Every structure is written in C-alpha cells, then in structure tokens.
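Note sheet for the following structure.
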Amino acid sequence: MELPPVALEGSVRSMLRSFWGVDVADKRLVGDLLLGRRQHTGTVLYVTSGSGGVGKSTSSRRLCERAAAMGVSSLLVDANPLQSSQRNFFGGRSLLDVRTISDWTPGDERAQHGANQGRRFGVAYDLTFAPETGQSVPWSRYADFIMAARRLWQFVVVDLDRISPVDLDDPATAAGALVTPSVAAGDLVLVPVKLGMQTQRDAMNLLAAFPRHGLPNECVGVKDVLPIGMGEYAPYDYAPYGTYLGAERQSVEAERRIEQCESNWADTDLDQVRERVLAWALPDRGFDPARYMPKERRKGLWGRKRK
C-alpha cells in the first residue's frame with residue numbers, strides 16, 4: 001500500500017507505534033528512509049522546565065555555541081514570546097531589521113526566511129527571534145517552522161518558557177503544541193532542575209507527567225542546577241523519567257558574564273554537563289565529557305600511573 005504524505009512526514013517512532021504498537025526512540029522521518037532523501041533531518045532539542053529562573057536561555061545558547069564549534073550547524077529558536085529572552089540578550093529593542101518567526105510563512109520550506117545569520121551577532125550559530133511586541137504567532141506556526149528548520153540545520157535548540165503538566169495535552173500551549181507531539185515522536189527535551197523545595201517540586205511534577213502523555217524515557221534529559229554557594233547535595237532519582245546528565249553549579253562569575261552579554265566562555269562549573277547533554281543529544285558528533293572532568297577525578301577513574 002502507498003503511504004499517505006502525512007505518514008511520510010512522520011517519524012519512524014510514530015509509525016511503528018501506530019501500526020504495530022512498538023515503542024522505539026527513532027526520530028528519523030519515514031520519508032527520508034523510504035525515498036532515499038540525502039539530507040536527513042536534524043536533531044531537535046526543547047529546553048524547558050517547571051519553573052522560571054533555572055538557566056534555560058543560557059543553557060540553550062551554550063549548547064548551540066559548543067555544537068557549532070564542533071562543526072554542527074545549529075539554530076537557536078526563541079520560543080518564549082512573553083520574555084523574548086534571546087532577543088533581549090542580543091540587543092533587545094535596539095535590534096532593527098532582524099528576522100523573527102513572524103517573517104516565515106507556513107508552507108515555505110526555506111526556513112532561513114525566519115532566521116538570522118549568527119555572525120551578525122558575533123556567534124557561530126543562527127538565531128530565530130520571538131515576534132516583536134504586539135505580534136501574535138500561533139504555536140502551530142512554530143511547529144511548522146521547526147519541521148522546516150530541521151531540514152536545513154543539523155541541530156535545532158528551542159528555548160521555551162516554563163511549562164505546566166496540565167498543558168501537556170492542550171494544543172493551545174507550547175507544551176501541548178510542541179513538546180508533547182514532538183517528543184512523543186522521538187525528539188528530545190532537556191529539563192534543568194534548580195535545587196530548592198519549590199523548583200524541585202515543580203520539576204518532579206512535570207517529569208512525572210511525561211510518561212502519562214507518551215513521552216519516552218530515553219528522549220528526556222535532566223540536569224541539576226546548583227545555586228551559588230550550595231555545597232554537597234543528594235540528587236533525586238530521575239531514572240523513572242529520563243536520563244540524568246549531571247549537576248552544574250551557578251557562580252558569581254557566570255552571572256557577571258551573562259549580565260554583560262558575554263558568550264562562549266570556558267567554565268569548569270558548566271562545561272562538563274554541557275558536553276554530557278550534547279553527547280546524549282548528538283551521540284555521533286565526537287562530544288567527550290571526559291575531557292572536561294577534573295584531573296583528580298580522571299585519576300580515580302583510570303587508576304594510578306604506572307611507574
């Protein structure tokens with residue numbers, strides 16, 4: 001039987017689930033495989049959490065910085081129209097003549113019409129900004145744009161606002177329109193969890209809701225974010241909900257650099273976890289978390305040197 005176009009544009013995971021009830025973490029498109037398309041789809045990673053102020057936007061930029069440095073063409077999509085975090089970081093209202101998601105027309109396979117070349121902003125990755133104040137863009141347009149963008153860029157990072165468990169099945173929200181259908185089809189989501197009673201509670205409520213909405217464990221990544229000055233801690237057991245990628249520490253130095261709108265600085269408190277996230281999301285691209293491991297820990301792993 002000839003497959004309908006909608007099936008060709010779906011992921012391998014969605015097709016196997018629909019026809020045979022089998023769950024696999026395979027985000028490749030059916031059409032790419034059956035029609036022999038040379039340009040396979042890029043990896044999509046959503047960055048979100050159950051609380052604000054956990055470093056989602058900074059994490060999104062740093063992931064794109066490192067991926068681009070490794071030769072992975074990357075696009076950062078600002079999907080937080082209420083805050084426009086990325087636009088504010090790169091110049092705010094002073095930015096003139098920049099492309100936003102509003103400039104892309106659904107059905108246009110040239111996603112670059114809604115993106116900006118990163119070299120204009122001194123970065124090696126490209127950017128899609130949220131719409132300007134007063135403009136409204138439906139989440140369905142974001143979904144269509146991301147589908148087009150993944151054919152042009154190898155890595156698409158979507159910076160979202162916080163989401164709520166109750167929104168996961170509401171197509172009028174970012175959670176219901178983007179995260180649930182995309183991750184259920186095999187895309188990835190990263191959930192930063194800032195340590196604190198309320199922030200951890202919000203994160204665990206969100207993570208616990210993922211399996212009930214069909215989001216596979218292997219497509220969910222979790223990292224802890226330790227506030228400034230925090231010492232030893234006992235991480236939660238995230239195994240029932242996703243892959244634990246380690247804990248990064250916030251610092252006064254990092255806050256200073258972010259406030260000064262700096263990009264791509266080396267940070268021993270952040271770099272190893274970032275590398276783990278990228279090794280998980282892009283396993284065939286040469287990312288190596290061990291190279292960022294402190295020397296004393298490397299010695300413990302590999303043993304003493306021979307005399």
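Lettering and numbering for the structure tokens are positional, with chains as A, B, ... in the shown order, residues counted from 1 in each chain, and ligands counted from 1 in the shown order.
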
| Selection near region 160-174 of chain A, 10 Å with only C-alpha atoms, sequence-local residues under 6 positions removed, as a PyMOL selection string | chain A and resi 46-54+56-57+60+77-85+138-140+142-143+180-181+191+202-203+205-210+212-213

| query | Where does DSSP see helix (DSSP H, G or I) in region 70-243 of chain A, if you list the residues as a PyMOL selection string? | reply | chain A and resi 85-89+92-94+101-103+111-114+118-121+139-149+165-167+174-184+197-209+211-213+217-219

Output file for the residues above (C-alpha atoms, as a PDB file, in the first residue's frame):
ATOM      1  CA  SER A  85      14.994  36.260  26.316  1.00  0.00           C
ATOM      2  CA  GLN A  86      17.302  35.756  23.345  1.00  0.00           C
ATOM      3  CA  ARG A  87      16.328  38.995  21.650  1.00  0.00           C
ATOM      4  CA  ASN A  88      16.985  40.862  24.894  1.00  0.00           C
ATOM      5  CA  PHE A  89      20.377  39.175  25.265  1.00  0.00           C
ATOM      6  CA  GLY A  92      16.607  43.986  22.802  1.00  0.00           C
ATOM      7  CA  ARG A  93      14.581  46.739  21.176  1.00  0.00           C
ATOM      8  CA  SER A  94      17.707  48.240  19.668  1.00  0.00           C
ATOM      9  CA  ILE A 101       9.307  33.765  13.484  1.00  0.00           C
ATOM     10  CA  SER A 102       6.657  36.170  12.126  1.00  0.00           C
ATOM     11  CA  ASP A 103       8.647  36.618   8.918  1.00  0.00           C
ATOM     12  CA  ALA A 111      13.349  28.224   6.965  1.00  0.00           C
ATOM     13  CA  GLN A 112      16.177  30.759   6.618  1.00  0.00           C
ATOM     14  CA  HIS A 113      13.482  33.323   5.847  1.00  0.00           C
ATOM     15  CA  GLY A 114      12.694  33.255   9.567  1.00  0.00           C
ATOM     16  CA  GLY A 118      24.822  34.325  13.725  1.00  0.00           C
ATOM     17  CA  ARG A 119      27.896  36.194  12.515  1.00  0.00           C
ATOM     18  CA  ARG A 120      25.837  39.375  12.668  1.00  0.00           C
ATOM     19  CA  PHE A 121      25.747  38.894  16.437  1.00  0.00           C
ATOM     20  CA  TRP A 139       2.186  27.614  18.245  1.00  0.00           C
ATOM     21  CA  SER A 140       1.244  25.707  15.111  1.00  0.00           C
ATOM     22  CA  ARG A 141       3.488  28.072  13.140  1.00  0.00           C
ATOM     23  CA  TYR A 142       6.367  27.309  15.481  1.00  0.00           C
ATOM     24  CA  ALA A 143       5.749  23.592  14.921  1.00  0.00           C
ATOM     25  CA  ASP A 144       5.762  24.000  11.139  1.00  0.00           C
ATOM     26  CA  PHE A 145       8.849  26.205  11.246  1.00  0.00           C
ATOM     27  CA  ILE A 146      10.778  23.701  13.368  1.00  0.00           C
ATOM     28  CA  MET A 147       9.885  20.956  10.877  1.00  0.00           C
ATOM     29  CA  ALA A 148      11.292  23.083   8.042  1.00  0.00           C
ATOM     30  CA  ALA A 149      14.336  24.194  10.065  1.00  0.00           C
ATOM     31  CA  PRO A 165       1.809  19.389  33.457  1.00  0.00           C
ATOM     32  CA  VAL A 166      -1.806  20.411  32.802  1.00  0.00           C
ATOM     33  CA  ASP A 167      -0.758  21.988  29.493  1.00  0.00           C
ATOM     34  CA  ALA A 174       3.685  25.420  23.874  1.00  0.00           C
ATOM     35  CA  ALA A 175       3.627  22.225  25.910  1.00  0.00           C
ATOM     36  CA  GLY A 176       0.681  20.701  24.067  1.00  0.00           C
ATOM     37  CA  ALA A 177       1.521  22.008  20.598  1.00  0.00           C
ATOM     38  CA  LEU A 178       5.289  21.443  20.609  1.00  0.00           C
ATOM     39  CA  VAL A 179       6.694  19.350  23.435  1.00  0.00           C
ATOM     40  CA  THR A 180       4.154  16.536  23.670  1.00  0.00           C
ATOM     41  CA  PRO A 181       3.742  15.635  19.965  1.00  0.00           C
ATOM     42  CA  SER A 182       7.385  16.261  19.076  1.00  0.00           C
ATOM     43  CA  VAL A 183       8.995  14.343  21.938  1.00  0.00           C
ATOM     44  CA  ALA A 184       6.432  11.559  21.653  1.00  0.00           C
ATOM     45  CA  MET A 197      11.998  22.994  47.580  1.00  0.00           C
ATOM     46  CA  GLN A 198       9.581  24.670  45.150  1.00  0.00           C
ATOM     47  CA  THR A 199      11.667  24.377  41.991  1.00  0.00           C
ATOM     48  CA  GLN A 200      12.354  20.681  42.573  1.00  0.00           C
ATOM     49  CA  ARG A 201       8.695  20.042  43.336  1.00  0.00           C
ATOM     50  CA  ASP A 202       7.657  21.810  40.108  1.00  0.00           C
ATOM     51  CA  ALA A 203      10.194  19.822  38.097  1.00  0.00           C
ATOM     52  CA  MET A 204       9.223  16.466  39.552  1.00  0.00           C
ATOM     53  CA  ASN A 205       5.532  17.140  38.898  1.00  0.00           C
ATOM     54  CA  LEU A 206       6.394  17.894  35.271  1.00  0.00           C
ATOM     55  CA  LEU A 207       8.672  14.883  34.839  1.00  0.00           C
ATOM     56  CA  ALA A 208       6.113  12.560  36.415  1.00  0.00           C
ATOM     57  CA  ALA A 209       3.524  13.751  33.881  1.00  0.00           C
ATOM     58  CA  PRO A 211       5.140   9.183  30.783  1.00  0.00           C
ATOM     59  CA  ARG A 212       1.370   9.654  31.109  1.00  0.00           C
ATOM     60  CA  HIS A 213       1.457  11.703  27.905  1.00  0.00           C
ATOM     61  CA  ASN A 217      12.109   7.967  28.980  1.00  0.00           C
ATOM     62  CA  GLU A 218      15.036   7.868  26.550  1.00  0.00           C
ATOM     63  CA  CYS A 219      14.001  11.188  24.978  1.00  0.00           C
TER      64      CYS A 219
END

| query | Excluding same-chain residues fewer than 6 positions from Leu29 (chain A), what lies within 7 Å of it counting only C-alpha atoms, as a ChimeraX atom specification? | reply | /A:8-12

Since we have the selection now, will you write its residues out, keeping N, CA and C atoms, as a short mmCIF file (atom, residue, chain, number, x, y, z; two decimals), in the first residue's frame?
data_model
loop_
_atom_site.label_atom_id
_atom_site.label_comp_id
_atom_site.auth_asym_id
_atom_site.auth_seq_id
_atom_site.Cartn_x
_atom_site.Cartn_y
_atom_site.Cartn_z
N LEU A 8 4.62 9.84 5.56
CA LEU A 8 6.00 10.06 5.13
C LEU A 8 6.68 11.15 5.93
N GLU A 9 5.92 12.13 6.41
CA GLU A 9 6.49 13.23 7.17
C GLU A 9 6.53 12.93 8.67
N GLY A 10 6.03 11.76 9.07
CA GLY A 10 6.09 11.37 10.47
C GLY A 10 7.39 10.66 10.79
N SER A 11 7.66 10.50 12.07
CA SER A 11 8.89 9.83 12.48
C SER A 11 8.72 8.32 12.43
N VAL A 12 9.86 7.62 12.44
CA VAL A 12 9.83 6.17 12.49
C VAL A 12 9.11 5.71 13.75
#

Can you check which residues of region 139-305 of chain A DSSP gives as strand (DSSP E or B) on the backbone and send them as a short mmCIF file (atom, residue, chain, number, x, y, z; two decimals) with C-alpha atoms, in the first residue's frame?
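Written out: states-v8.cif:
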data_model
loop_
_atom_site.label_atom_id
_atom_site.label_comp_id
_atom_site.auth_asym_id
_atom_site.auth_seq_id
_atom_site.Cartn_x
_atom_site.Cartn_y
_atom_site.Cartn_z
CA PHE A 155 20.82 20.87 15.47
CA VAL A 156 17.78 22.95 16.42
CA VAL A 157 17.54 24.12 20.04
CA VAL A 158 14.16 25.52 21.07
CA ASP A 159 14.26 27.81 24.12
CA LEU A 160 10.86 27.60 25.82
CA LEU A 188 14.35 15.43 22.76
CA VAL A 189 13.60 17.61 25.76
CA LEU A 190 16.06 18.87 28.38
CA VAL A 191 14.71 19.77 31.82
CA PRO A 192 17.04 21.82 34.07
CA VAL A 193 16.13 21.37 37.75
CA LYS A 194 17.32 24.11 40.09
CA VAL A 220 14.02 13.13 28.26
CA GLY A 221 17.25 14.58 29.68
CA VAL A 222 17.57 16.06 33.17
CA LYS A 223 20.32 18.16 34.71
CA ASP A 224 20.53 19.64 38.19
CA VAL A 225 21.40 23.31 38.65
CA LEU A 226 23.09 24.12 41.95
CA THR A 243 18.50 10.33 31.51
CA TYR A 244 20.38 12.13 34.28
CA LEU A 245 23.15 14.28 32.78
CA GLY A 246 24.81 15.66 35.90
CA ALA A 247 24.82 18.81 38.01
CA GLU A 248 26.16 22.22 37.04
CA ARG A 249 26.97 24.96 39.54
#

| field | Given only C-alpha atoms as the counted atoms, nearest of A:Asp187, A:Asp237, A:Glu253, A:Asp269 to Thr41 (chain A) | value | A:Asp187

| What lies within 10 Å of Val72 (chain A) using only C-alpha atoms, ignoring chain neighbours under 4 positions off, as a list in words? | Gly42, Cys64, Glu65, Arg66, Ala67, Ala68, Ala124, Tyr125, Trp153, Gln154, Phe155, Leu282 and Arg285 of chain A

If you keep N, CA and C atoms, can you produce a file of those selected residues as a tab-separated table (two decimals), in the first residue's frame?
chain	number	residue	atom	x	y	z
A	42	GLY	N	17.58	17.15	11.04
A	42	GLY	CA	18.42	17.48	12.17
A	42	GLY	C	17.77	17.10	13.49
A	64	CYS	N	24.28	25.62	21.75
A	64	CYS	CA	24.50	25.99	20.35
A	64	CYS	C	25.94	26.41	20.11
A	65	GLU	N	26.53	27.12	21.07
A	65	GLU	CA	27.93	27.55	20.94
A	65	GLU	C	28.86	26.35	20.78
A	66	ARG	N	28.70	25.40	21.66
A	66	ARG	CA	29.59	24.23	21.65
A	66	ARG	C	29.34	23.36	20.41
A	67	ALA	N	28.07	23.17	20.06
A	67	ALA	CA	27.76	22.36	18.88
A	67	ALA	C	28.34	22.98	17.62
A	68	ALA	N	28.17	24.30	17.49
A	68	ALA	CA	28.71	24.98	16.31
A	68	ALA	C	30.23	24.88	16.26
A	124	ALA	N	28.57	31.71	16.29
A	124	ALA	CA	28.74	30.79	15.17
A	124	ALA	C	27.47	30.03	14.82
A	125	TYR	N	26.40	30.25	15.55
A	125	TYR	CA	25.12	29.60	15.26
A	125	TYR	C	24.11	30.65	14.81
A	153	TRP	N	19.23	22.88	9.25
A	153	TRP	CA	20.25	22.85	10.30
A	153	TRP	C	20.32	21.45	10.90
A	154	GLN	N	21.52	21.08	11.36
A	154	GLN	CA	21.71	19.76	11.94
A	154	GLN	C	21.27	19.68	13.40
A	155	PHE	N	21.18	20.83	14.05
A	155	PHE	CA	20.82	20.87	15.47
A	155	PHE	C	19.94	22.09	15.69
A	282	LEU	N	23.54	14.33	20.55
A	282	LEU	CA	24.24	14.15	19.26
A	282	LEU	C	25.33	13.10	19.46
A	285	ARG	N	28.75	12.78	17.13
A	285	ARG	CA	29.43	14.01	16.72
A	285	ARG	C	30.74	14.26	17.45

| said: With distances taken over only C-alpha atoms, which residue among A:Glu132, A:Glu255, A:Glu232, A:Asp126 lies nearest Asp97 (chain A)? | reply: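 Of the candidates, the smallest distance to Asp97 (chain A) is held by A:Glu132.
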
| request: Between A:Val30, A:Pro216, A:Phe287, A:Leu270, single out the one closest to Pro5 (chain A), counting only C-alpha atoms. | output: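 Counting only C-alpha atoms, the residue closest to Pro5 (chain A) is A:Val30.
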
| task | One decimal, Å: what's the distance from CA of Val137 (chain A) over to CA of Thr105 (chain A), could you say? | result |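 Those two atoms sit 10.9 Å apart.
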
| field | Gap from CA of Arg61 (chain A) to CA of Leu76 (chain A) - Å, one decimal | value |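 Going from CA of Arg61 (chain A) over to CA of Leu76 (chain A), I get 7.1 Å.
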
| field | CA of Thr268 (chain A) to CA of Thr128 (chain A), distance in Å rounded to a single decimal | value | 28.8 Å

| field | Nearest residue to Leu45 (chain A) from the set A:Tyr233, A:Trp280, A:Trp104, A:Tyr292 (distances using only C-alpha atoms) | value | A:Trp280
